[in-house]
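Dumped work.cif below, it's mmCIF, N, CA and C atoms:
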data_final
#
loop_
_atom_site.label_atom_id
_atom_site.label_comp_id
_atom_site.auth_asym_id
_atom_site.auth_seq_id
_atom_site.Cartn_x
_atom_site.Cartn_y
_atom_site.Cartn_z
N MET A 605 93.13 102.68 118.89
CA MET A 605 92.70 103.74 118.01
C MET A 605 92.95 105.11 118.61
N SER A 606 92.92 105.24 119.93
CA SER A 606 93.08 106.55 120.56
C SER A 606 94.46 107.14 120.28
N ALA A 607 95.48 106.30 120.17
CA ALA A 607 96.82 106.81 119.88
C ALA A 607 96.86 107.46 118.50
N LEU A 608 96.27 106.83 117.52
CA LEU A 608 96.28 107.40 116.16
C LEU A 608 95.49 108.70 116.11
N ARG A 609 94.37 108.77 116.78
CA ARG A 609 93.55 109.99 116.76
C ARG A 609 94.33 111.19 117.26
N SER A 610 95.09 111.04 118.33
CA SER A 610 95.83 112.17 118.90
C SER A 610 97.07 112.51 118.07
N GLN A 611 97.58 111.59 117.27
CA GLN A 611 98.80 111.81 116.51
C GLN A 611 98.56 112.54 115.19
N LEU A 612 97.35 112.74 114.78
CA LEU A 612 97.06 113.35 113.49
C LEU A 612 97.20 114.87 113.50
N LYS A 613 97.58 115.46 114.61
CA LYS A 613 97.63 116.91 114.72
C LYS A 613 98.62 117.55 113.75
N GLY A 614 99.71 116.89 113.39
CA GLY A 614 100.71 117.47 112.49
C GLY A 614 100.38 117.34 111.02
N LEU A 615 99.31 116.64 110.69
CA LEU A 615 98.94 116.43 109.29
C LEU A 615 98.16 117.60 108.72
N LYS A 616 98.32 117.82 107.42
CA LYS A 616 97.50 118.80 106.71
C LYS A 616 96.38 118.12 105.94
N GLU A 617 96.60 116.84 105.55
CA GLU A 617 95.58 116.11 104.78
C GLU A 617 95.92 114.62 104.82
N LEU A 618 94.89 113.79 104.89
CA LEU A 618 95.03 112.34 104.82
C LEU A 618 94.10 111.84 103.72
N ARG A 619 94.67 111.11 102.74
CA ARG A 619 93.88 110.56 101.64
C ARG A 619 93.99 109.05 101.66
N LEU A 620 92.86 108.37 101.56
CA LEU A 620 92.80 106.92 101.54
C LEU A 620 92.18 106.49 100.22
N HIS A 621 92.89 105.66 99.46
CA HIS A 621 92.42 105.17 98.16
C HIS A 621 92.26 103.66 98.25
N PHE A 622 91.14 103.13 97.73
CA PHE A 622 90.95 101.68 97.72
C PHE A 622 89.86 101.29 96.74
N CYS A 623 89.84 100.00 96.42
CA CYS A 623 88.83 99.43 95.53
C CYS A 623 87.63 99.00 96.36
N GLN A 624 86.42 99.21 95.82
CA GLN A 624 85.21 98.85 96.54
C GLN A 624 85.00 97.35 96.66
N THR A 625 85.57 96.57 95.74
CA THR A 625 85.27 95.14 95.70
C THR A 625 86.47 94.22 95.87
N SER A 626 87.66 94.72 95.70
CA SER A 626 88.86 93.87 95.73
C SER A 626 89.12 93.30 97.13
N PRO A 627 89.41 92.00 97.23
CA PRO A 627 89.75 91.41 98.53
C PRO A 627 91.01 92.04 99.15
N SER A 628 91.93 92.52 98.32
CA SER A 628 93.16 93.11 98.85
C SER A 628 92.91 94.47 99.50
N SER A 629 91.75 95.08 99.26
CA SER A 629 91.39 96.35 99.87
C SER A 629 90.46 96.19 101.06
N SER A 630 90.10 94.97 101.41
CA SER A 630 89.10 94.75 102.46
C SER A 630 89.54 95.29 103.82
N GLY A 631 90.82 95.20 104.15
CA GLY A 631 91.30 95.73 105.43
C GLY A 631 91.12 97.23 105.52
N LEU A 632 91.42 97.94 104.44
CA LEU A 632 91.25 99.39 104.44
C LEU A 632 89.78 99.78 104.47
N ARG A 633 88.95 99.02 103.76
CA ARG A 633 87.50 99.29 103.83
C ARG A 633 87.00 99.10 105.25
N ASP A 634 87.43 98.04 105.93
CA ASP A 634 87.04 97.80 107.33
C ASP A 634 87.54 98.92 108.24
N PHE A 635 88.79 99.33 108.04
CA PHE A 635 89.36 100.40 108.84
C PHE A 635 88.53 101.68 108.71
N VAL A 636 88.19 102.04 107.49
CA VAL A 636 87.39 103.25 107.26
C VAL A 636 86.01 103.12 107.90
N ALA A 637 85.37 101.97 107.70
CA ALA A 637 84.03 101.77 108.24
C ALA A 637 84.01 101.85 109.77
N LYS A 638 85.04 101.36 110.42
CA LYS A 638 85.07 101.31 111.88
C LYS A 638 85.62 102.59 112.52
N ASN A 639 86.50 103.31 111.81
CA ASN A 639 87.24 104.39 112.45
C ASN A 639 87.05 105.79 111.90
N TYR A 640 86.43 105.94 110.74
CA TYR A 640 86.34 107.26 110.12
C TYR A 640 85.65 108.28 111.03
N VAL A 641 84.52 107.92 111.59
CA VAL A 641 83.76 108.87 112.41
C VAL A 641 84.57 109.32 113.61
N GLN A 642 85.24 108.40 114.28
CA GLN A 642 86.06 108.74 115.44
C GLN A 642 87.23 109.63 115.04
N LEU A 643 87.88 109.31 113.93
CA LEU A 643 89.00 110.13 113.46
C LEU A 643 88.53 111.54 113.15
N LYS A 644 87.41 111.66 112.47
CA LYS A 644 86.90 112.97 112.07
C LYS A 644 86.44 113.77 113.29
N GLN A 645 85.82 113.12 114.26
CA GLN A 645 85.40 113.83 115.47
C GLN A 645 86.59 114.34 116.27
N ALA A 646 87.67 113.57 116.30
CA ALA A 646 88.87 113.96 117.03
C ALA A 646 89.68 115.02 116.27
N ASN A 647 89.50 115.10 114.95
CA ASN A 647 90.25 116.03 114.10
C ASN A 647 89.31 116.72 113.12
N PRO A 648 88.40 117.56 113.60
CA PRO A 648 87.38 118.13 112.71
C PRO A 648 87.94 119.03 111.61
N GLU A 649 89.09 119.63 111.82
CA GLU A 649 89.67 120.53 110.81
C GLU A 649 90.52 119.81 109.78
N LEU A 650 90.86 118.55 110.03
CA LEU A 650 91.73 117.79 109.12
C LEU A 650 90.92 117.21 107.97
N PRO A 651 91.31 117.53 106.72
CA PRO A 651 90.64 116.87 105.59
C PRO A 651 91.04 115.39 105.53
N ILE A 652 90.06 114.52 105.64
CA ILE A 652 90.28 113.08 105.48
C ILE A 652 89.48 112.68 104.25
N LEU A 653 90.19 112.41 103.16
CA LEU A 653 89.55 112.12 101.89
C LEU A 653 89.55 110.62 101.64
N VAL A 654 88.39 110.08 101.34
CA VAL A 654 88.24 108.65 101.05
C VAL A 654 87.87 108.52 99.59
N ARG A 655 88.70 107.85 98.82
CA ARG A 655 88.49 107.69 97.38
C ARG A 655 88.35 106.21 97.03
N GLU A 656 87.19 105.86 96.52
CA GLU A 656 86.94 104.50 96.06
C GLU A 656 86.96 104.50 94.54
N ALA A 657 87.70 103.56 93.97
CA ALA A 657 87.74 103.43 92.52
C ALA A 657 88.02 101.97 92.18
N SER A 658 87.38 101.51 91.16
CA SER A 658 87.51 100.10 90.77
C SER A 658 88.93 99.77 90.35
N GLY A 659 89.48 98.73 90.97
CA GLY A 659 90.78 98.21 90.59
C GLY A 659 92.00 98.94 91.12
N VAL A 660 91.83 99.97 91.96
CA VAL A 660 93.00 100.69 92.46
C VAL A 660 93.62 99.96 93.65
N GLU A 661 94.87 100.24 93.84
CA GLU A 661 95.65 99.67 94.94
C GLU A 661 95.27 100.37 96.25
N ALA A 662 95.14 99.61 97.32
CA ALA A 662 94.86 100.19 98.64
C ALA A 662 96.10 100.94 99.11
N ARG A 663 95.94 102.23 99.39
CA ARG A 663 97.09 103.04 99.79
C ARG A 663 96.61 104.27 100.54
N ALA A 664 97.55 104.90 101.23
CA ALA A 664 97.26 106.13 101.97
C ALA A 664 98.32 107.16 101.63
N PHE A 665 97.90 108.40 101.54
CA PHE A 665 98.79 109.53 101.32
C PHE A 665 98.63 110.49 102.49
N ALA A 666 99.73 110.97 103.03
CA ALA A 666 99.69 111.96 104.10
C ALA A 666 100.44 113.19 103.63
N ARG A 667 99.81 114.35 103.74
CA ARG A 667 100.46 115.60 103.36
C ARG A 667 100.74 116.38 104.63
N PHE A 668 102.00 116.84 104.74
CA PHE A 668 102.48 117.56 105.91
C PHE A 668 102.79 119.01 105.54
N ASP A 669 103.37 119.74 106.47
CA ASP A 669 103.79 121.12 106.22
C ASP A 669 104.74 121.21 105.03
N LYS A 670 104.72 122.36 104.38
CA LYS A 670 105.61 122.68 103.26
C LYS A 670 105.46 121.71 102.09
N GLY A 671 104.30 121.11 101.94
CA GLY A 671 104.03 120.25 100.80
C GLY A 671 104.64 118.86 100.85
N LEU A 672 105.28 118.50 101.95
CA LEU A 672 105.86 117.16 102.08
C LEU A 672 104.74 116.13 102.06
N GLU A 673 104.88 115.12 101.21
CA GLU A 673 103.84 114.10 101.09
C GLU A 673 104.49 112.72 101.15
N ARG A 674 103.85 111.82 101.87
CA ARG A 674 104.32 110.44 102.00
C ARG A 674 103.19 109.50 101.61
N LYS A 675 103.58 108.33 101.06
CA LYS A 675 102.60 107.34 100.62
C LYS A 675 102.97 105.98 101.21
N VAL A 676 101.95 105.21 101.58
CA VAL A 676 102.16 103.82 102.00
C VAL A 676 101.16 102.94 101.27
N ILE A 677 101.60 101.74 100.93
CA ILE A 677 100.74 100.75 100.29
C ILE A 677 100.09 99.91 101.40
N LEU A 678 98.80 99.69 101.28
CA LEU A 678 98.05 98.98 102.32
C LEU A 678 97.37 97.72 101.79
N GLN A 679 97.85 97.20 100.68
CA GLN A 679 97.29 95.99 100.09
C GLN A 679 97.37 94.82 101.06
N ASN A 680 96.31 94.05 101.16
CA ASN A 680 96.27 92.80 101.93
C ASN A 680 96.60 92.96 103.40
N LYS A 681 96.37 94.13 103.97
CA LYS A 681 96.62 94.34 105.39
C LYS A 681 95.29 94.34 106.14
N SER A 682 95.33 93.91 107.39
CA SER A 682 94.14 93.94 108.23
C SER A 682 93.94 95.37 108.76
N ALA A 683 92.77 95.63 109.32
CA ALA A 683 92.49 96.95 109.88
C ALA A 683 93.48 97.30 110.98
N THR A 684 93.88 96.33 111.79
CA THR A 684 94.85 96.56 112.86
C THR A 684 96.22 96.91 112.29
N GLU A 685 96.65 96.19 111.27
CA GLU A 685 97.93 96.48 110.62
C GLU A 685 97.90 97.86 109.97
N ILE A 686 96.76 98.23 109.42
CA ILE A 686 96.62 99.54 108.78
C ILE A 686 96.74 100.64 109.81
N GLU A 687 96.14 100.46 110.97
CA GLU A 687 96.26 101.47 112.02
C GLU A 687 97.72 101.68 112.41
N LYS A 688 98.47 100.59 112.58
CA LYS A 688 99.90 100.68 112.93
C LYS A 688 100.69 101.35 111.81
N THR A 689 100.38 101.00 110.57
CA THR A 689 101.08 101.59 109.43
C THR A 689 100.80 103.08 109.34
N LEU A 690 99.56 103.49 109.59
CA LEU A 690 99.23 104.92 109.55
C LEU A 690 99.92 105.67 110.69
N GLU A 691 100.05 105.05 111.83
CA GLU A 691 100.80 105.68 112.93
C GLU A 691 102.24 105.94 112.52
N GLN A 692 102.86 104.95 111.87
CA GLN A 692 104.24 105.11 111.38
C GLN A 692 104.31 106.20 110.31
N LEU A 693 103.32 106.24 109.45
CA LEU A 693 103.28 107.26 108.40
C LEU A 693 103.24 108.65 108.99
N VAL A 694 102.41 108.84 110.01
CA VAL A 694 102.30 110.15 110.64
C VAL A 694 103.61 110.56 111.29
N HIS A 695 104.34 109.60 111.85
CA HIS A 695 105.63 109.90 112.50
C HIS A 695 106.76 110.08 111.49
N SER A 696 106.55 109.78 110.24
CA SER A 696 107.63 109.79 109.25
C SER A 696 108.06 111.19 108.83
N ALA A 697 107.27 112.20 109.14
CA ALA A 697 107.63 113.56 108.70
C ALA A 697 108.44 114.28 109.75
#
Using structure tokens, write down the structure that the file contains.
Amino acid sequence: MSALRSQLKGLKELRLHFCQTSPSSSGLRDFVAKNYVQLKQANPELPILVREASGVEARAFARFDKGLERKVILQNKSATEIEKTLEQLVHSA
């Protein structure tokens, strides 16, 4: 987790969308429950938006400089896989 915390410096915003009850969103729910506080403490100025809505696909959006935005689908991934995917997302800009 420490690698992801230090890599968020280039982001302008991170948005996480998932369903509160869907089994396919359980990995993202676990990731948020275990890591949100640490991420926010390491990046107090970074907006980290968590959006729960019934039936939505588990996904993350990252907004970078000049309005560049990237999206990744996180359906059926474990919390560990999600951390790796978010690291790749941050490096994609």
If we count only N, CA and C atoms, what is near Thr625 (chain A) at a cut-off of 7 Å, once residues fewer than 3 positions away on the same chain are taken out, given as a PyMOL selection string?
chain A and resi 622+628-630+657-659
I need the residues from that last selection saved to file as a tab-separated table (two decimals), keeping the file's coordinate frame (with N, CA and C atoms), if you can.
chain	number	residue	atom	x	y	z
A	622	PHE	N	91.14	103.13	97.73
A	622	PHE	CA	90.95	101.68	97.72
A	622	PHE	C	89.86	101.29	96.74
A	628	SER	N	91.93	92.52	98.32
A	628	SER	CA	93.16	93.11	98.85
A	628	SER	C	92.91	94.47	99.50
A	629	SER	N	91.75	95.08	99.26
A	629	SER	CA	91.39	96.35	99.87
A	629	SER	C	90.46	96.19	101.06
A	630	SER	N	90.10	94.97	101.41
A	630	SER	CA	89.10	94.75	102.46
A	630	SER	C	89.54	95.29	103.82
A	657	ALA	N	87.70	103.56	93.97
A	657	ALA	CA	87.74	103.43	92.52
A	657	ALA	C	88.02	101.97	92.18
A	658	SER	N	87.38	101.51	91.16
A	658	SER	CA	87.51	100.10	90.77
A	658	SER	C	88.93	99.77	90.35
A	659	GLY	N	89.48	98.73	90.97
A	659	GLY	CA	90.78	98.21	90.59
A	659	GLY	C	92.00	98.94	91.12
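The smallest atom-to-atom distance between Ile677 (chain A) and any of A:Asp634, A:Ser696, A:Leu620, A:Asn647, using only C-alpha atoms, is found for A:Leu620.
For the atom pair formed by CA of Arg674 (chain A) and atom C of Leu693 (chain A), the distance is 7.3 Å, given to one decimal.
With all atoms listed in the file as the atoms that count, the residue of A:Tyr640, A:Ala646, A:Leu672, A:Leu632 with the shortest distance to Ile686 (chain A) is A:Leu632.
Put simply, atom C of Glu656 (chain A) is 21.0 Å away from atom N of Glu685 (chain A).
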Would you return as a JSON list (two decimals) with N, CA and C atoms, in the coordinates of the input the members of chain A that DSSP assigns to strand (DSSP E or B) on this structure's backbone?
[["chain", "number", "residue", "atom", "x", "y", "z"],
["A", 617, "GLU", "N", 96.60, 116.84, 105.55],
["A", 617, "GLU", "CA", 95.58, 116.11, 104.78],
["A", 617, "GLU", "C", 95.92, 114.62, 104.82],
["A", 618, "LEU", "N", 94.89, 113.79, 104.89],
["A", 618, "LEU", "CA", 95.03, 112.34, 104.82],
["A", 618, "LEU", "C", 94.10, 111.84, 103.72],
["A", 619, "ARG", "N", 94.67, 111.11, 102.74],
["A", 619, "ARG", "CA", 93.88, 110.56, 101.64],
["A", 619, "ARG", "C", 93.99, 109.05, 101.66],
["A", 620, "LEU", "N", 92.86, 108.37, 101.56],
["A", 620, "LEU", "CA", 92.80, 106.92, 101.54],
["A", 620, "LEU", "C", 92.18, 106.49, 100.22],
["A", 621, "HIS", "N", 92.89, 105.66, 99.46],
["A", 621, "HIS", "CA", 92.42, 105.17, 98.16],
["A", 621, "HIS", "C", 92.26, 103.66, 98.25],
["A", 622, "PHE", "N", 91.14, 103.13, 97.73],
["A", 622, "PHE", "CA", 90.95, 101.68, 97.72],
["A", 622, "PHE", "C", 89.86, 101.29, 96.74],
["A", 652, "ILE", "N", 90.06, 114.52, 105.64],
["A", 652, "ILE", "CA", 90.28, 113.08, 105.48],
["A", 652, "ILE", "C", 89.48, 112.68, 104.25],
["A", 653, "LEU", "N", 90.19, 112.41, 103.16],
["A", 653, "LEU", "CA", 89.55, 112.12, 101.89],
["A", 653, "LEU", "C", 89.55, 110.62, 101.64],
["A", 654, "VAL", "N", 88.39, 110.08, 101.34],
["A", 654, "VAL", "CA", 88.24, 108.65, 101.05],
["A", 654, "VAL", "C", 87.87, 108.52, 99.59],
["A", 655, "ARG", "N", 88.70, 107.85, 98.82],
["A", 655, "ARG", "CA", 88.49, 107.69, 97.38],
["A", 655, "ARG", "C", 88.35, 106.21, 97.03],
["A", 656, "GLU", "N", 87.19, 105.86, 96.52],
["A", 656, "GLU", "CA", 86.94, 104.50, 96.06],
["A", 656, "GLU", "C", 86.96, 104.50, 94.54],
["A", 663, "ARG", "N", 95.94, 102.23, 99.39],
["A", 663, "ARG", "CA", 97.09, 103.04, 99.79],
["A", 663, "ARG", "C", 96.61, 104.27, 100.54],
["A", 664, "ALA", "N", 97.55, 104.90, 101.23],
["A", 664, "ALA", "CA", 97.26, 106.13, 101.97],
["A", 664, "ALA", "C", 98.32, 107.16, 101.63],
["A", 665, "PHE", "N", 97.90, 108.40, 101.54],
["A", 665, "PHE", "CA", 98.79, 109.53, 101.32],
["A", 665, "PHE", "C", 98.63, 110.49, 102.49],
["A", 666, "ALA", "N", 99.73, 110.97, 103.03],
["A", 666, "ALA", "CA", 99.69, 111.96, 104.10],
["A", 666, "ALA", "C", 100.44, 113.19, 103.63],
["A", 667, "ARG", "N", 99.81, 114.35, 103.74],
["A", 667, "ARG", "CA", 100.46, 115.60, 103.36],
["A", 667, "ARG", "C", 100.74, 116.38, 104.63],
["A", 673, "GLU", "N", 104.88, 115.12, 101.21],
["A", 673, "GLU", "CA", 103.84, 114.10, 101.09],
["A", 673, "GLU", "C", 104.49, 112.72, 101.15],
["A", 674, "ARG", "N", 103.85, 111.82, 101.87],
["A", 674, "ARG", "CA", 104.32, 110.44, 102.00],
["A", 674, "ARG", "C", 103.19, 109.50, 101.61],
["A", 675, "LYS", "N", 103.58, 108.33, 101.06],
["A", 675, "LYS", "CA", 102.60, 107.34, 100.62],
["A", 675, "LYS", "C", 102.97, 105.98, 101.21],
["A", 676, "VAL", "N", 101.95, 105.21, 101.58],
["A", 676, "VAL", "CA", 102.16, 103.82, 102.00],
["A", 676, "VAL", "C", 101.16, 102.94, 101.27],
["A", 677, "ILE", "N", 101.60, 101.74, 100.93],
["A", 677, "ILE", "CA", 100.74, 100.75, 100.29],
["A", 677, "ILE", "C", 100.09, 99.91, 101.40]]
Identify all residues of chain A in helix (DSSP H, G or I) (DSSP on the backbone) and supply them as a PyMOL selection string.
chain A and resi 606-614+627-646+669-671+683-695
I'd like to see the residues matched by the PyMOL selection byres ((chain A and resi 675) around 6.5) on this file, and ideally I'd get them as a PyMOL selection string.
chain A and resi 664-666+673-674+676-677
Straight-line distance linking CA of Asn680 (chain A) with CA of Asn639 (chain A), stated in Å to one decimal:
18.1 Å
Write out as an MDAnalysis selection string each polymer residue whose atoms come within 12 Å of Pro651 (chain A), counting only C-alpha atoms; drop sequence neighbours fewer than 3 positions from it.
chainID A and resid 612:613 615:620 640 643:648 654 665:668
Take the residues that were just selected and, keeping N, CA and C atoms, output them as a compact mmCIF listing (two decimals), in the frame of the given file.
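For reference, out.txt as written:
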# COMPACT_ATOMS: atom_id res chain seq x y z
N LEU A 612 97.35 112.74 114.78
CA LEU A 612 97.06 113.35 113.49
C LEU A 612 97.20 114.87 113.50
N LYS A 613 97.58 115.46 114.61
CA LYS A 613 97.63 116.91 114.72
C LYS A 613 98.62 117.55 113.75
N LEU A 615 99.31 116.64 110.69
CA LEU A 615 98.94 116.43 109.29
C LEU A 615 98.16 117.60 108.72
N LYS A 616 98.32 117.82 107.42
CA LYS A 616 97.50 118.80 106.71
C LYS A 616 96.38 118.12 105.94
N GLU A 617 96.60 116.84 105.55
CA GLU A 617 95.58 116.11 104.78
C GLU A 617 95.92 114.62 104.82
N LEU A 618 94.89 113.79 104.89
CA LEU A 618 95.03 112.34 104.82
C LEU A 618 94.10 111.84 103.72
N ARG A 619 94.67 111.11 102.74
CA ARG A 619 93.88 110.56 101.64
C ARG A 619 93.99 109.05 101.66
N LEU A 620 92.86 108.37 101.56
CA LEU A 620 92.80 106.92 101.54
C LEU A 620 92.18 106.49 100.22
N TYR A 640 86.43 105.94 110.74
CA TYR A 640 86.34 107.26 110.12
C TYR A 640 85.65 108.28 111.03
N LEU A 643 87.88 109.31 113.93
CA LEU A 643 89.00 110.13 113.46
C LEU A 643 88.53 111.54 113.15
N LYS A 644 87.41 111.66 112.47
CA LYS A 644 86.90 112.97 112.07
C LYS A 644 86.44 113.77 113.29
N GLN A 645 85.82 113.12 114.26
CA GLN A 645 85.40 113.83 115.47
C GLN A 645 86.59 114.34 116.27
N ALA A 646 87.67 113.57 116.30
CA ALA A 646 88.87 113.96 117.03
C ALA A 646 89.68 115.02 116.27
N ASN A 647 89.50 115.10 114.95
CA ASN A 647 90.25 116.03 114.10
C ASN A 647 89.31 116.72 113.12
N PRO A 648 88.40 117.56 113.60
CA PRO A 648 87.38 118.13 112.71
C PRO A 648 87.94 119.03 111.61
N VAL A 654 88.39 110.08 101.34
CA VAL A 654 88.24 108.65 101.05
C VAL A 654 87.87 108.52 99.59
N PHE A 665 97.90 108.40 101.54
CA PHE A 665 98.79 109.53 101.32
C PHE A 665 98.63 110.49 102.49
N ALA A 666 99.73 110.97 103.03
CA ALA A 666 99.69 111.96 104.10
C ALA A 666 100.44 113.19 103.63
N ARG A 667 99.81 114.35 103.74
CA ARG A 667 100.46 115.60 103.36
C ARG A 667 100.74 116.38 104.63
N PHE A 668 102.00 116.84 104.74
CA PHE A 668 102.48 117.56 105.91
C PHE A 668 102.79 119.01 105.54
